Structure formats: structure tokens, C-alpha cells
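What follows is input_26.txt (compact mmCIF, C-alpha atoms).
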```
# COMPACT_ATOMS: atom_id res chain seq x y z
CA MET A 195 2.60 -6.34 19.14
CA PRO A 196 5.66 -6.93 16.89
CA ARG A 197 8.13 -4.12 16.39
CA VAL A 198 7.68 -4.40 12.61
CA ALA A 199 4.42 -5.22 10.82
CA VAL A 200 2.95 -5.10 7.31
CA ILE A 201 -0.57 -3.77 7.84
CA ASN A 202 -1.89 -4.20 4.32
CA ALA A 203 -0.91 -4.66 0.69
CA SER A 204 -2.88 -3.75 -2.39
CA ALA A 205 -2.87 -3.74 -6.18
CA VAL A 206 -4.43 -0.87 -8.12
CA ILE A 207 -5.21 -0.25 -11.77
CA LEU A 208 -6.36 3.06 -13.21
CA GLY A 209 -8.36 3.33 -16.41
CA ASP A 210 -10.31 5.78 -18.51
CA VAL A 211 -13.80 4.63 -17.43
CA PHE A 212 -14.97 1.80 -15.20
CA THR A 213 -18.63 1.30 -14.36
CA PRO A 214 -19.77 -0.12 -11.00
CA ASN A 215 -21.75 -2.97 -12.58
CA LEU A 216 -18.49 -4.48 -13.86
CA LEU A 217 -17.98 -5.80 -10.32
CA THR A 218 -20.49 -8.30 -8.88
CA PRO A 219 -20.38 -10.92 -6.08
CA SER A 220 -19.85 -13.61 -8.74
CA THR A 221 -16.90 -11.89 -10.43
CA PHE A 222 -14.18 -13.57 -8.34
CA GLU A 223 -15.86 -16.85 -7.36
CA LYS A 224 -13.04 -18.90 -8.90
CA PHE A 225 -10.48 -17.19 -6.65
CA LEU A 226 -12.52 -16.94 -3.45
CA LYS A 227 -14.48 -20.17 -3.47
CA GLY A 228 -17.09 -20.56 -0.77
CA GLN A 229 -16.73 -16.92 0.26
CA GLN A 230 -19.87 -14.80 0.40
CA PRO A 231 -18.92 -11.13 0.23
CA ARG A 232 -20.52 -8.21 1.97
CA GLY A 233 -21.03 -5.39 -0.48
CA ILE A 234 -22.23 -1.92 -1.28
CA THR A 235 -23.10 -0.52 -4.69
CA THR A 236 -23.84 3.08 -5.65
CA ASN A 237 -23.74 4.90 -8.96
CA VAL A 238 -20.07 5.78 -8.38
CA VAL A 239 -18.55 2.89 -6.39
CA THR A 240 -18.91 -0.82 -5.77
CA GLN A 241 -17.16 -2.53 -2.87
CA LEU A 242 -16.96 -6.21 -1.96
CA GLU A 243 -15.54 -7.35 1.37
CA TYR A 244 -14.55 -10.94 2.17
CA PRO A 245 -14.18 -10.86 5.98
CA SER A 246 -12.72 -14.33 6.49
CA ARG A 247 -10.00 -13.67 3.91
CA GLU A 248 -9.50 -10.04 4.95
CA VAL A 249 -9.82 -8.96 1.33
CA VAL A 250 -11.59 -5.82 0.14
CA ILE A 251 -12.16 -5.09 -3.56
CA THR A 252 -13.30 -1.65 -4.68
CA LEU A 253 -14.28 -0.32 -8.10
CA GLU A 254 -14.67 3.39 -8.79
CA GLU A 255 -15.10 5.31 -12.02
CA LYS A 256 -11.38 5.28 -12.86
CA LYS A 257 -9.91 2.90 -10.29
CA PHE A 258 -9.90 -0.79 -9.35
CA GLN A 259 -8.26 -1.82 -6.09
CA ALA A 260 -7.79 -5.15 -4.30
CA VAL A 261 -6.55 -4.94 -0.69
CA LYS A 262 -5.36 -7.70 1.65
CA ARG A 263 -5.19 -6.85 5.34
CA THR A 264 -2.42 -8.33 7.54
CA PRO A 265 -0.91 -9.99 4.48
CA ARG A 266 1.75 -12.61 4.13
CA ARG A 267 4.10 -12.83 1.17
CA GLY A 268 2.05 -15.69 -0.29
CA ASP A 269 -1.08 -13.50 -0.40
CA LEU A 270 0.45 -11.34 -3.13
CA GLN A 271 -0.39 -13.95 -5.75
CA LEU A 272 -4.10 -13.67 -4.92
CA LEU A 273 -4.00 -9.88 -5.29
CA ALA A 274 -2.18 -10.21 -8.61
CA ASP A 275 -4.63 -12.86 -9.87
CA LEU A 276 -7.69 -10.79 -8.92
CA THR A 277 -6.32 -7.67 -10.59
CA LEU A 278 -5.12 -9.31 -13.79
CA PHE A 279 -8.34 -11.31 -14.15
CA PHE A 280 -10.44 -8.16 -13.81
CA ALA A 281 -8.34 -6.33 -16.40
CA LYS A 282 -8.59 -9.19 -18.88
CA ALA A 283 -12.35 -9.52 -18.28
CA ASN A 284 -12.82 -5.89 -19.30
CA PRO A 285 -10.76 -5.53 -22.50
CA LEU A 286 -12.52 -2.37 -23.68
CA VAL A 287 -11.30 -0.35 -20.69
CA LYS A 288 -8.18 1.63 -21.57
CA LEU A 289 -5.68 1.15 -18.75
CA THR A 290 -3.52 4.14 -17.82
CA ALA A 291 -1.50 3.14 -14.73
CA ALA A 292 -0.91 0.43 -12.13
CA GLY A 293 0.28 0.57 -8.56
CA LEU A 294 1.50 -1.81 -5.87
CA ASN A 295 1.02 -0.50 -2.35
CA PHE A 296 2.26 -1.46 1.09
CA ALA A 297 1.43 -0.02 4.50
CA GLY A 298 3.73 -0.91 7.38
CA PHE A 299 4.73 -0.01 10.91
CA ALA A 300 8.02 0.18 12.79
CA GLY A 301 7.60 0.60 16.53
CA TYR A 302 9.78 2.77 18.71
CA PRO A 303 11.96 0.91 21.24
CA ALA A 304 10.25 0.13 24.53
CA ASN A 305 10.60 2.60 27.40
CA THR A 306 11.66 5.51 25.17
CA GLY A 307 8.41 7.43 25.55
CA ASN A 308 8.36 10.52 23.35
CA GLY A 309 12.12 10.22 22.98
CA GLY A 310 11.80 7.63 20.25
CA GLU A 311 9.77 9.97 18.07
CA GLN A 312 12.08 12.89 18.76
CA ARG A 313 15.07 10.79 17.71
CA PHE A 314 13.28 9.90 14.47
CA ILE A 315 12.55 13.57 13.76
CA SER A 316 16.13 14.58 14.53
CA ARG A 317 17.59 11.84 12.33
CA TYR A 318 15.33 12.04 9.29
CA VAL A 319 13.73 15.48 9.24
CA GLY A 320 16.32 17.76 10.80
CA HIS A 321 14.98 18.70 14.23
CA ASP A 322 17.15 21.77 14.75
CA ALA A 323 16.55 23.22 11.29
CA LEU A 324 12.82 22.66 11.55
CA LYS A 325 12.71 24.19 15.02
CA GLN A 326 14.43 27.32 13.70
CA LEU A 327 11.98 27.51 10.82
CA VAL A 328 8.73 27.22 12.81
CA GLY A 329 9.91 28.56 16.17
CA ASN A 330 9.14 25.42 18.17
CA ALA A 331 10.30 21.84 18.42
CA PRO A 332 8.07 19.67 16.18
CA GLU A 333 6.00 17.07 18.01
CA SER A 334 5.47 14.97 14.88
CA ALA A 335 6.64 14.97 11.29
CA SER A 336 5.97 13.38 7.91
CA LEU A 337 8.67 12.65 5.34
CA GLN A 338 7.88 11.98 1.68
CA SER A 339 10.35 10.76 -0.92
CA ALA A 340 9.96 10.04 -4.64
CA TYR A 341 12.57 8.16 -6.67
CA GLN A 342 12.94 6.02 -9.79
CA HIS A 343 13.75 2.31 -9.92
CA GLN A 344 14.26 1.50 -13.61
CA ASP A 345 10.84 2.16 -15.25
CA THR A 346 9.04 2.31 -11.89
CA LEU A 347 8.30 5.42 -9.84
CA CYS A 348 8.36 4.90 -6.07
CA HIS A 349 6.77 7.08 -3.40
CA LEU A 350 7.76 6.37 0.20
CA THR A 351 6.08 8.20 3.09
CA MET A 352 7.07 7.95 6.75
CA ARG A 353 4.94 9.47 9.51
CA SER A 354 6.33 9.74 13.02
CA ASP A 355 3.12 9.66 15.09
CA ALA A 356 1.58 6.28 14.23
CA ILE A 357 -0.12 4.05 16.80
CA LEU A 358 -0.65 0.32 16.27
CA GLY A 359 -2.03 -1.93 18.97
CA GLY A 360 -1.39 0.77 21.55
CA LYS A 361 2.26 1.02 20.54
CA ALA A 362 3.85 4.19 19.14
CA GLY A 363 5.99 4.08 16.04
CA VAL A 364 6.52 5.17 12.45
CA ALA A 365 3.95 4.48 9.72
CA LEU A 366 5.44 3.62 6.34
CA ASP A 367 3.57 3.70 3.04
CA LEU A 368 5.15 2.63 -0.24
CA ASN A 369 3.50 3.20 -3.63
CA VAL A 370 5.17 1.56 -6.63
CA HIS A 371 3.75 3.20 -9.75
CA ARG A 372 3.98 2.30 -13.42
CA ASP A 373 2.34 4.08 -16.35
CA LEU A 374 0.44 1.91 -18.83
CA SER A 375 -0.39 2.82 -22.40
CA GLY A 376 -1.03 1.43 -25.85
CA LYS A 377 -1.22 -2.18 -26.97
CA ARG A 378 1.30 -3.33 -24.37
CA ALA A 379 -0.73 -1.98 -21.43
CA ARG A 380 -1.98 -5.37 -20.25
CA LEU A 381 1.39 -7.02 -20.80
CA ALA A 382 3.04 -4.24 -18.78
CA LEU A 383 0.39 -4.73 -16.08
CA ALA A 384 1.22 -8.44 -15.88
CA GLU A 385 4.93 -7.61 -15.60
CA HIS A 386 4.27 -5.09 -12.84
CA LEU A 387 2.12 -7.54 -10.89
CA GLY A 388 4.79 -10.19 -11.39
CA ALA A 389 7.22 -7.98 -9.48
CA PHE A 390 4.96 -7.95 -6.38
CA PRO A 391 7.21 -10.35 -4.39
CA PHE A 392 10.30 -8.27 -5.20
CA TRP A 393 8.63 -5.15 -3.82
CA TRP A 394 7.39 -7.04 -0.76
CA ASP A 395 11.00 -7.98 0.03
CA TYR A 396 12.12 -4.42 -0.65
CA PHE A 397 9.48 -2.92 1.66
CA ALA A 398 10.25 -5.47 4.39
CA ARG A 399 13.96 -4.59 4.13
CA VAL A 400 13.27 -0.86 4.38
CA THR A 401 10.95 -1.32 7.38
CA LYS A 402 13.33 -3.62 9.23
CA THR A 403 16.29 -1.32 8.56
CA LEU A 404 14.33 1.62 9.92
CA SER A 405 13.41 -0.41 13.01
CA LYS A 406 17.08 -1.15 13.68
CA GLN A 407 18.01 2.49 13.18
CA LEU A 408 15.38 3.56 15.69
CA GLU A 409 17.22 1.46 18.27
CA LYS A 410 20.37 3.55 17.90
CA HIS A 411 20.96 6.64 20.01
```
Kindly return the structure encoded in the file as C-alpha cells.
Amino acid sequence: MPRVAVINASAVILGDVFTPNLLTPSTFEKFLKGQQPRGITTNVVTQLEYPSREVVITLEEKKFQAVKRTPRRGDLQLLADLTLFFAKANPLVKLTAAGLNFAGFAGYPANTGNGGEQRFISRYVGHDALKQLVGNAPESASLQSAYQHQDTLCHLTMRSDAILGGKAGVALDLNVHRDLSGKRARLALAEHLGAFPFWWDYFARVTKTLSKQLEKH
């Protein structure tokens, strides 16, 4: 198992009202040719899964999401195309926000046992201060950070007790959020989706930097 991995990437749009019947197995035929999806449909959610492409598309009352598992950088274009096509195909839906999401993993160095996690907690959470607060040394911790990048709001979460492929490490989740409103909503959505590769590189840099820092004593 690699020390650093991107587990999944996704594009999300939020709107005032979506209905499940807006999403059918034929909706994305032009993008996923020859792929027969597995699906579920209820009165509140529709989900299509394309196993061979590791793509899952979900539509809820106020949310559309396209997810690619074990993605590569080149897969971002497919997620962007699916999302933008769906938004354009439903022009009466008022869009309110869009998000780009990444889930990743940075493994602790080999042969560190629980020491790798304790070093992470000490470095990023403040082991001693937290121990004084709760009366015991924390066995795991979660760190959440919100910050602005121009007109984009970023949320980064790091959790110390992740397991991937039997290996212990830190789970990282990045949400890149942009509000959408008015006549420019779909143009702003296209701009946000166009920045997908930039945010992929950003997330990869953060994850790799964390991995290197976990090596240090």
C-alpha cells in the first residue's frame, strides 16, 4: 500500500429542488458509453453506479454528486463534464453552491506502531494541552480547518486513526466550496469545475507534505 493515496474525488452541486426522475440510466450515455449502471431509485434519492469505471452518481432533493473512486488526475475532466452537463440539462433548477471534494490518506512510517499517531497528535493538536484538558493522553484526534482562497472557501479535515489496506495513517478530506447565485450561477459553476486540476495538485501537495512531516521525529 503506498504511503500516500487519493481515495476518491467528487463534484457536488446544490440546488433549490431536484427530483429523482431527473437522473436515469440514459442520462450520461454519451460520457459512459457501453456502461450499464446498477441503480436504485426511491422518492428521495436516485443512485447510479458504474462498477467498471468506479463512478457513482447520486441525486437527492437538493444535491447532485458524481464520485470517482481511486481517481487519477485525468479523471477530473469526466467528473466536471458529468456535473456541468447535468446542470445545463436542468436549467429550471436554481443552483445555490458547488463543491469539489478529495479524500486522501497519508500512512505513518513503518515500524512506528502507535508512535506515529502520537507524534501526529503532538505536532498538530497539542498533545500536552489536550491531555491537561481531558485528564488523559488522547488516543486519536481530528483536526478541522476552514480558510479562504480568493472567492473559494476551503475545509480541510485530518483524522489520526485512519486505516487503509491494513496500514495506519491520517485521513485527509478537502472540501472546496463556492456559493452560486443569480444569472451567473452556471458560469460560476463552470469556472469552479475548471479549477479541478488546480485543487487536485493542491491536495496532492498537502498530503505529500504531511507524509514527509510524519517521517520527522
**OP:** Find the residues near A:Leu289: any atom within 7 Å, counting only C-alpha atoms, skip ones fewer than 3 places away on the same chain, and give them as a PyMOL selection string.
**Re:** chain A and resi 208-210+374-375+379
**OP:** Figure out the distance between atom CA of A:His343 and atom CA of A:Asp373, please, to one decimal in Å.
**Re:**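 Those two atoms sit 13.2 Å apart.
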Original post:
Please, what distance in Å, to one decimal, runs between atom CA of A:Ile234 and atom CA of A:Lys262?
Top reply: 18.1 Å
Original post:
Which distance in Å separates atom CA of A:Phe296 and atom CA of A:Val370, to one decimal?
Top reply: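 Spanning atom CA of A:Phe296 to atom CA of A:Val370 is a straight-line distance of 8.8 Å.
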**OP:** Check the smallest atom-to-atom distance from each of A:Ala304, A:Val287, A:Gly320, A:Gln312 to A:Gly376 using all atoms listed in the file, then report the winner.
**Re:**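 So, comparing all the options, the nearest one is A:Val287.
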**OP:** Name the closest residue to A:Ala365 among the candidates A:Ile201, A:Leu253, A:Leu276, A:Leu327; distances are taken between atoms, counting all atoms listed in the file.
**Re:**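 Ranking A:Ile201, A:Leu253, A:Leu276, A:Leu327 by distance to A:Ala365, first place goes to A:Ile201.
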Using all atoms listed in the file, determine which residues lie at most 12 Å from A:Ala283, disregarding the query and same-chain residues fewer than 6 positions distant; provide the list as a PDB file with C-alpha atoms, in the frame of the given file.
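Written file, out-v9.pdb:
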```pdb
ATOM      1  CA  LEU A 216     -18.490  -4.480 -13.860  1.00  0.00           C
ATOM      2  CA  LEU A 217     -17.980  -5.800 -10.320  1.00  0.00           C
ATOM      3  CA  THR A 221     -16.900 -11.890 -10.430  1.00  0.00           C
ATOM      4  CA  PHE A 222     -14.180 -13.570  -8.340  1.00  0.00           C
ATOM      5  CA  ASP A 275      -4.630 -12.860  -9.870  1.00  0.00           C
ATOM      6  CA  LEU A 276      -7.690 -10.790  -8.920  1.00  0.00           C
ATOM      7  CA  THR A 277      -6.320  -7.670 -10.590  1.00  0.00           C
ATOM      8  CA  ARG A 380      -1.980  -5.370 -20.250  1.00  0.00           C
TER       9      ARG A 380
END
```
Give one line per residue of stretch 244-273 of chain A that approaches stretch 392-410 of chain A to at most 12 Å, naming the two atoms of the closest pair and their distance in Å to one decimal, counting all atoms listed in the file; sort by chain then ascending residue number and deliver it as JSON lines.
```
{"residue": "A:Pro265", "atom": "CA", "partner": "A:Trp394", "partner_atom": "CA", "distance": 10.2}
{"residue": "A:Arg266", "atom": "CA", "partner": "A:Trp394", "partner_atom": "CA", "distance": 9.3}
{"residue": "A:Arg267", "atom": "CA", "partner": "A:Trp394", "partner_atom": "CA", "distance": 6.9}
{"residue": "A:Gly268", "atom": "CA", "partner": "A:Trp394", "partner_atom": "CA", "distance": 10.2}
{"residue": "A:Asp269", "atom": "CA", "partner": "A:Trp394", "partner_atom": "CA", "distance": 10.7}
{"residue": "A:Leu270", "atom": "CA", "partner": "A:Trp394", "partner_atom": "CA", "distance": 8.5}
{"residue": "A:Gln271", "atom": "CA", "partner": "A:Trp394", "partner_atom": "CA", "distance": 11.5}
```
With C-alpha atoms retained, write the just-selected residues as a PDB file, keeping the file's coordinate frame.
```pdb
ATOM      1  CA  PRO A 265      -0.910  -9.990   4.480  1.00  0.00           C
ATOM      2  CA  ARG A 266       1.750 -12.610   4.130  1.00  0.00           C
ATOM      3  CA  ARG A 267       4.100 -12.830   1.170  1.00  0.00           C
ATOM      4  CA  GLY A 268       2.050 -15.690  -0.290  1.00  0.00           C
ATOM      5  CA  ASP A 269      -1.080 -13.500  -0.400  1.00  0.00           C
ATOM      6  CA  LEU A 270       0.450 -11.340  -3.130  1.00  0.00           C
ATOM      7  CA  GLN A 271      -0.390 -13.950  -5.750  1.00  0.00           C
TER       8      GLN A 271
END
```
**OP:** Rank A:Thr351, A:Thr213, A:Asn202, A:Asn369 by their smallest atom-to-atom distance to A:Asn284, using all atoms listed in the file, and report the top residue only.
**Re:**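 Answer, going by the shortest atom-to-atom distance: A:Thr213.
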